[in-house]
>>> print(open('my_file-v9.cif').read())   # mmCIF, C-alpha atoms
data_coords
loop_
_atom_site.group_PDB
_atom_site.id
_atom_site.type_symbol
_atom_site.label_atom_id
_atom_site.label_comp_id
_atom_site.auth_asym_id
_atom_site.auth_seq_id
_atom_site.Cartn_x
_atom_site.Cartn_y
_atom_site.Cartn_z
ATOM 1 C CA MET A 805 6.970 2.143 -10.668
ATOM 2 C CA LYS A 806 4.800 -0.713 -11.992
ATOM 3 C CA ASN A 807 6.974 -3.346 -10.369
ATOM 4 C CA LYS A 808 7.016 -1.398 -7.110
ATOM 5 C CA LYS A 809 3.226 -1.176 -7.113
ATOM 6 C CA LEU A 810 2.893 -4.883 -7.826
ATOM 7 C CA LEU A 811 5.275 -5.770 -4.983
ATOM 8 C CA LYS A 812 3.473 -3.496 -2.523
ATOM 9 C CA THR A 813 0.071 -4.829 -3.542
ATOM 10 C CA VAL A 814 1.293 -8.373 -2.980
ATOM 11 C CA LEU A 815 2.585 -7.385 0.467
ATOM 12 C CA CYS A 816 -0.764 -5.817 1.298
ATOM 13 C CA VAL A 817 -2.796 -8.762 0.077
ATOM 14 C CA THR A 818 -0.703 -11.389 1.834
ATOM 15 C CA SER A 819 -1.210 -9.627 5.147
ATOM 16 C CA GLY A 820 -4.824 -10.831 4.977
ATOM 17 C CA ILE A 821 -6.216 -7.492 6.029
ATOM 18 C CA GLY A 822 -8.527 -5.557 3.789
ATOM 19 C CA PHE A 823 -12.034 -4.679 2.761
ATOM 20 C CA ALA A 824 -14.187 -3.045 0.188
ATOM 21 C CA THR A 825 -17.497 -1.505 1.071
ATOM 22 C CA SER A 826 -20.043 0.874 -0.035
ATOM 23 C CA ILE A 827 -20.122 1.965 2.899
ATOM 24 C CA PRO A 828 -10.408 22.018 12.227
ATOM 25 C CA PHE A 829 -8.231 25.007 12.978
ATOM 26 C CA MET A 830 -7.334 28.656 13.011
ATOM 27 C CA THR A 831 -3.783 28.399 11.815
ATOM 28 C CA THR A 832 -0.586 30.318 11.734
ATOM 29 C CA ALA A 833 2.128 28.290 10.069
ATOM 30 C CA CYS A 834 4.408 26.626 12.552
ATOM 31 C CA GLY A 835 8.004 27.708 12.339
ATOM 32 C CA SER A 836 7.268 30.775 10.201
ATOM 33 C CA SER A 837 5.981 33.251 12.739
ATOM 34 C CA SER A 838 6.512 34.411 16.279
ATOM 35 C CA THR A 839 3.118 32.816 16.924
ATOM 36 C CA LYS A 840 3.809 29.100 16.558
ATOM 37 C CA THR A 841 1.117 26.483 16.025
ATOM 38 C CA SER A 842 1.076 22.732 15.656
ATOM 39 C CA ILE A 843 0.157 22.657 11.953
ATOM 40 C CA LEU A 844 2.386 22.666 8.873
ATOM 41 C CA PRO A 845 1.591 25.615 6.550
ATOM 42 C CA ASP A 846 -0.432 25.163 3.351
ATOM 43 C CA GLU A 847 2.280 26.681 1.160
ATOM 44 C CA ILE A 848 4.582 23.660 1.507
ATOM 45 C CA TYR A 849 2.249 21.419 -0.514
ATOM 46 C CA ASP A 850 2.413 20.753 -4.265
ATOM 47 C CA ILE A 851 -1.216 21.051 -5.413
ATOM 48 C CA ASP A 852 -2.023 21.098 -9.128
ATOM 49 C CA GLN A 853 -4.753 23.121 -10.838
ATOM 50 C CA THR A 854 -7.306 20.313 -10.470
ATOM 51 C CA GLY A 855 -6.731 20.058 -6.732
ATOM 52 C CA VAL A 856 -4.580 16.916 -6.793
ATOM 53 C CA LEU A 857 -2.016 16.929 -3.987
ATOM 54 C CA ASN A 858 1.253 15.477 -5.278
ATOM 55 C CA GLY A 859 3.278 15.763 -2.070
ATOM 56 C CA PHE A 860 5.580 18.382 -0.629
ATOM 57 C CA LYS A 861 6.957 21.072 -2.925
ATOM 58 C CA SER A 862 10.422 20.439 -4.292
ATOM 59 C CA GLY A 863 13.158 22.200 -2.336
ATOM 60 C CA ILE A 864 11.132 22.594 0.853
ATOM 61 C CA ASN A 865 13.227 22.197 4.018
ATOM 62 C CA LEU A 866 10.820 20.558 6.451
ATOM 63 C CA ASP A 867 13.374 20.678 9.258
ATOM 64 C CA GLU A 868 12.660 24.386 9.732
ATOM 65 C CA TYR A 869 9.245 23.426 11.120
ATOM 66 C CA ASN A 870 10.711 21.096 13.729
ATOM 67 C CA ASP A 871 10.239 23.637 16.511
ATOM 68 C CA GLY A 872 9.035 21.328 19.275
ATOM 69 C CA ILE A 873 5.417 22.402 18.719
ATOM 70 C CA CYS A 874 4.578 21.459 15.132
ATOM 71 C CA ASP A 875 3.250 17.884 15.045
ATOM 72 C CA THR A 876 0.378 17.912 12.514
ATOM 73 C CA MET A 877 -0.186 17.775 8.767
ATOM 74 C CA GLN A 878 -3.469 19.373 7.789
ATOM 75 C CA ILE A 879 -4.526 18.728 4.196
ATOM 76 C CA PRO A 880 -5.829 22.007 2.706
ATOM 77 C CA ALA A 881 -9.562 22.247 1.943
ATOM 78 C CA SER A 882 -8.850 22.882 -1.756
ATOM 79 C CA VAL A 883 -7.350 19.406 -2.225
ATOM 80 C CA THR A 884 -9.641 17.068 -4.169
ATOM 81 C CA SER A 885 -7.401 13.977 -4.226
ATOM 82 C CA ILE A 886 -4.083 12.747 -2.871
ATOM 83 C CA ALA A 887 -1.918 11.273 -5.624
ATOM 84 C CA ASP A 888 -0.260 7.861 -5.806
ATOM 85 C CA SER A 889 2.632 7.642 -3.306
ATOM 86 C CA ALA A 890 2.358 11.395 -2.637
ATOM 87 C CA PHE A 891 3.825 11.105 0.873
ATOM 88 C CA GLU A 892 5.337 7.629 0.732
ATOM 89 C CA ASN A 893 8.074 7.581 3.378
ATOM 90 C CA LYS A 894 8.279 11.393 3.193
ATOM 91 C CA ILE A 895 6.577 12.652 6.338
ATOM 92 C CA PRO A 896 9.125 14.047 8.822
ATOM 93 C CA SER A 897 9.509 12.225 12.130
ATOM 94 C CA PHE A 898 8.129 15.129 14.200
ATOM 95 C CA ILE A 899 4.721 14.889 12.486
ATOM 96 C CA LYS A 900 2.385 12.616 14.454
ATOM 97 C CA ASN A 901 -1.094 13.581 13.263
ATOM 98 C CA LEU A 902 -2.846 13.782 9.897
ATOM 99 C CA THR A 903 -5.995 15.900 9.605
ATOM 100 C CA PHE A 904 -8.051 17.555 6.869
ATOM 101 C CA ALA A 905 -9.069 21.222 6.940
ATOM 102 C CA SER A 906 -12.636 22.201 7.699
ATOM 103 C CA GLY A 907 -14.685 22.157 4.494
ATOM 104 C CA SER A 908 -12.419 19.532 2.934
ATOM 105 C CA ASN A 909 -13.113 18.575 -0.686
ATOM 106 C CA CYS A 910 -10.803 15.563 -0.668
ATOM 107 C CA SER A 911 -12.606 12.550 -2.113
ATOM 108 C CA SER A 912 -9.757 10.051 -2.494
ATOM 109 C CA ILE A 913 -6.413 8.914 -1.146
ATOM 110 C CA GLU A 914 -4.767 7.016 -3.982
ATOM 111 C CA TYR A 915 -2.332 4.093 -4.071
ATOM 112 C CA GLY A 916 0.228 4.261 -1.266
ATOM 113 C CA GLY A 917 -0.617 7.877 -0.485
ATOM 114 C CA PHE A 918 0.783 7.809 3.050
ATOM 115 C CA ASP A 919 2.463 4.442 3.353
ATOM 116 C CA GLU A 920 5.718 3.787 5.215
ATOM 117 C CA ASN A 921 5.381 6.702 7.646
ATOM 118 C CA ASN A 922 6.083 5.336 11.106
ATOM 119 C CA SER A 923 5.774 8.696 12.839
ATOM 120 C CA LEU A 924 2.029 8.908 12.186
ATOM 121 C CA THR A 925 -0.021 7.957 15.235
ATOM 122 C CA SER A 926 -3.420 9.383 14.318
ATOM 123 C CA VAL A 927 -5.521 10.210 11.271
ATOM 124 C CA THR A 928 -8.821 12.064 11.073
ATOM 125 C CA PHE A 929 -10.791 11.610 7.849
ATOM 126 C CA PRO A 930 -13.264 14.159 6.416
ATOM 127 C CA SER A 931 -16.849 13.373 5.459
ATOM 128 C CA SER A 932 -15.948 14.130 1.820
ATOM 129 C CA LEU A 933 -13.697 11.045 1.540
ATOM 130 C CA THR A 934 -15.073 8.335 -0.758
ATOM 131 C CA LEU A 935 -11.980 6.209 -1.513
ATOM 132 C CA ILE A 936 -8.986 4.937 0.434
ATOM 133 C CA ASN A 937 -6.973 3.035 -2.149
ATOM 134 C CA THR A 938 -4.528 0.137 -2.009
ATOM 135 C CA CYS A 939 -1.831 0.403 0.681
ATOM 136 C CA ALA A 940 -2.780 4.015 1.436
ATOM 137 C CA PHE A 941 -1.602 3.642 5.050
ATOM 138 C CA SER A 942 0.351 0.411 4.871
ATOM 139 C CA PHE A 943 3.401 0.052 7.084
ATOM 140 C CA CYS A 944 2.438 3.033 9.265
ATOM 141 C CA SER A 945 3.379 0.875 12.228
ATOM 142 C CA ASN A 946 2.491 3.397 14.950
ATOM 143 C CA LEU A 947 -0.900 4.420 13.569
ATOM 144 C CA SER A 948 -3.201 3.771 16.529
ATOM 145 C CA SER A 949 -6.065 6.249 16.190
ATOM 146 C CA ILE A 950 -8.623 6.425 13.370
ATOM 147 C CA THR A 951 -11.246 9.172 13.563
ATOM 148 C CA TRP A 952 -13.888 9.715 10.911
ATOM 149 C CA ASN A 953 -16.061 12.794 10.528
ATOM 150 C CA ALA A 954 -19.563 11.664 9.532
ATOM 151 C CA TRP A 955 -18.572 8.219 8.269
ATOM 152 C CA GLN A 956 -21.315 6.926 5.987
ATOM 153 C CA ASP A 957 -22.241 4.641 3.111
ATOM 154 C CA GLY A 958 -20.511 5.451 -0.156
ATOM 155 C CA THR A 959 -16.921 5.272 1.077
ATOM 156 C CA THR A 960 -14.706 2.491 -0.234
ATOM 157 C CA ILE A 961 -11.558 1.144 1.368
ATOM 158 C CA ASP A 962 -9.783 -0.960 -1.223
ATOM 159 C CA GLU A 963 -10.036 -4.732 -0.969
ATOM 160 C CA TYR A 964 -6.246 -4.901 -1.208
ATOM 161 C CA VAL A 965 -5.794 -3.164 2.106
ATOM 162 C CA GLY A 966 -5.920 0.531 2.860
ATOM 163 C CA PHE A 967 -4.564 -0.246 6.334
ATOM 164 C CA ASN A 968 -2.104 -3.032 7.006
ATOM 165 C CA HIS A 969 0.868 -3.353 9.314
ATOM 166 C CA ILE A 970 -0.437 -0.606 11.567
ATOM 167 C CA SER A 971 -0.455 -0.704 15.386
ATOM 168 C CA SER A 972 -1.809 -3.865 17.012
ATOM 169 C CA THR A 973 -3.766 -1.734 19.493
ATOM 170 C CA GLY A 974 -5.676 1.465 18.899
ATOM 171 C CA THR A 975 -8.948 3.361 18.938
ATOM 172 C CA VAL A 976 -11.726 4.223 16.511
ATOM 173 C CA LEU A 977 -14.068 7.205 16.744
ATOM 174 C CA VAL A 978 -16.845 8.618 14.569
ATOM 175 C CA ILE A 979 -17.561 12.283 15.140
ATOM 176 C CA ASN A 980 -20.831 13.808 13.925
ATOM 177 C CA PRO A 981 -22.397 10.392 13.158
ATOM 178 C CA VAL A 982 -25.115 10.618 10.528
ATOM 179 C CA ASP A 983 -27.263 8.041 12.322
ATOM 180 C CA SER A 984 -27.086 5.106 14.733
ATOM 181 C CA ASN A 985 -25.969 2.771 11.950
ATOM 182 C CA HIS A 986 -22.848 4.845 11.322
ATOM 183 C CA ASN A 987 -21.549 5.554 14.807
ATOM 184 C CA SER A 988 -18.282 4.541 16.462
ATOM 185 C CA GLU A 989 -19.570 1.128 17.516
ATOM 186 C CA LYS A 990 -20.661 0.276 13.983
ATOM 187 C CA LEU A 991 -17.400 1.475 12.435
ATOM 188 C CA LEU A 992 -15.311 -0.521 14.898
ATOM 189 C CA GLU A 993 -17.436 -3.606 14.280
ATOM 190 C CA TYR A 994 -17.150 -3.167 10.540
ATOM 191 C CA LEU A 995 -13.371 -2.726 10.594
ATOM 192 C CA LYS A 996 -12.908 -5.810 12.746
ATOM 193 C CA GLN A 997 -15.132 -7.938 10.521
ATOM 194 C CA ASN A 998 -13.886 -6.698 7.166
ATOM 195 C CA VAL A 999 -10.351 -5.427 7.712
ATOM 196 C CA HIS A 1000 -9.397 -7.854 10.445
ATOM 197 C CA LEU A 1001 -8.673 -4.943 12.746
ATOM 198 C CA PRO A 1002 -7.224 -6.520 15.915
ATOM 199 C CA GLU A 1003 -9.697 -7.330 18.667
ATOM 200 C CA THR A 1004 -7.606 -5.153 20.982
ATOM 201 C CA TRP A 1005 -8.751 -2.006 19.139
ATOM 202 C CA ARG A 1006 -11.479 -0.112 21.010
ATOM 203 C CA ILE A 1007 -13.758 2.908 20.768
ATOM 204 C CA ALA A 1008 -12.006 6.076 21.874
ATOM 205 C CA SER A 1009 -13.126 7.354 25.234
#
>>> encode(input="my_file-v9.cif", output="structure tokens")
Amino acid sequence: MKNKKLLKTVLCVTSGIGFATSIPFMTTACGSSSTKTSILPDEIYDIDQTGVLNGFKSGINLDEYNDGICDTMQIPASVTSIADSAFENKIPSFIKNLTFASGSNCSSIEYGGFDENNSLTSVTFPSSLTLINTCAFSFCSNLSSITWNAWQDGTTIDEYVGFNHISSTGTVLVINPVDSNHNSEKLLEYLKQNVHLPETWRIAS
């Protein structure tokens, strides 16, 4: 595991993209009811007693949720942190979106938490998030939409690249901005200056 982490960190760093800064749903589980929704059910996740999300539960057959409607992972509100490599190359191809439940308590996404998941096209972060660690979304090559709920000072994206090898074009949006210094324009500007986000990325319309 140590060697794997070192190799991935080197890959992230050599991409030259990175920064450090101080800077919702009524659901019925898709595939498990006659009323289908777009969101994977909470019971498939392995969450320990401290709220750390370690990934999907062992023995879960994710294919049963591939019903043509389900396309979203929603991290339960009880989760406090997402563990190292929790979903590394594990998200099924029919899942396109990553969101966090209303009232989220998640403060960190640790090393490689979601890396190598090419199906992901969008992620929406909660206001509770204070750390996106090394390679958290590296090699998510189709990730083209970053939305942040109440982005503000106090959040750190690791200097060794929380986002690298994502889509060359995409959009950024801040919902519920805390003030004019933390709106979509400021976030886009910051990401371009500090994470080398491509100039082709824009504010979502």
>>> atom_distance(input="my_file-v9.cif", atom1="atom CA of A:Thr951", atom2="atom CA of A:Phe967")
13.6 Å
>>> resolve_selection(input="my_file-v9.cif", expression="the PyMOL selection byres ((chain A and resi 912) around 6)", output="ChimeraX atom specification")
/A:885,910-911,913,933-936
>>> closest_residue(input="my_file-v9.cif", among="A:Thr884, A:Asn893, A:Thr1004, A:Ser923", to="A:Ser908", atoms="all atoms listed in the file")
A:Thr884
>>> resolve_selection(input="my_file-v9.cif", expression="the PyMOL selection byres ((chain A and resi 945-948) around 6)", output="PyMOL selection string")
chain A and resi 922+924-926+943-944+949+969-971+974
>>> residues_around(input="my_file-v9.cif", residues="stretch 845-858 of chain A", least_positions_apart="5", cutoff="7 Å", atoms="all atoms listed in the file", output="list of chain:residue names")
A:Ala833, A:Cys834, A:Ile864, A:Pro880, A:Ser882, A:Val883, A:Thr884, A:Ser885, A:Ile886, A:Ala887, A:Ala890
>>> atom_distance(input="my_file-v9.cif", atom1="atom CA of A:Asn909", atom2="atom CA of A:Ser984")
24.8 Å
>>> atom_distance(input="my_file-v9.cif", atom1="atom CA of A:Glu989", atom2="atom CA of A:Tyr915")
27.8 Å
>>> residues_around(input="my_file-v9.cif", residues="A:Pro981", least_positions_apart="2", cutoff="9 Å", atoms="only C-alpha atoms", output="VMD selection string")
chain A and resid 952 to 956 978 to 979 983 to 988
>>> closest_residue(input="my_file-v9.cif", among="A:Thr876, A:Thr973, A:Ser942, A:Asp888", to="A:Asp919", atoms="only C-alpha atoms")
A:Ser942
>>> axis_aligned_box(input="my_file-v9.cif", around="stretch 973-987 of chain A", padding_each_side="5 Å", output="JSON")
{"center_x": -15.5, "center_y": 6.0, "center_z": 15.0, "size_x": 33.5, "size_y": 25.5, "size_z": 19.0}
>>> closest_residue(input="my_file-v9.cif", among="A:Ile961, A:Ala905, A:Met877, A:Ala1008", to="A:Phe891", atoms="all atoms listed in the file")
A:Met877
>>> closest_residue(input="my_file-v9.cif", among="A:Val982, A:Ile873, A:Val976, A:Ala940", to="A:Tyr994", atoms="all atoms listed in the file")
A:Val976
>>> resolve_selection(input="my_file-v9.cif", expression="the PyMOL selection byres ((chain A and resi 928) around 7)", output="PyMOL selection string")
chain A and resi 902-904+926-927+929-930+950-952
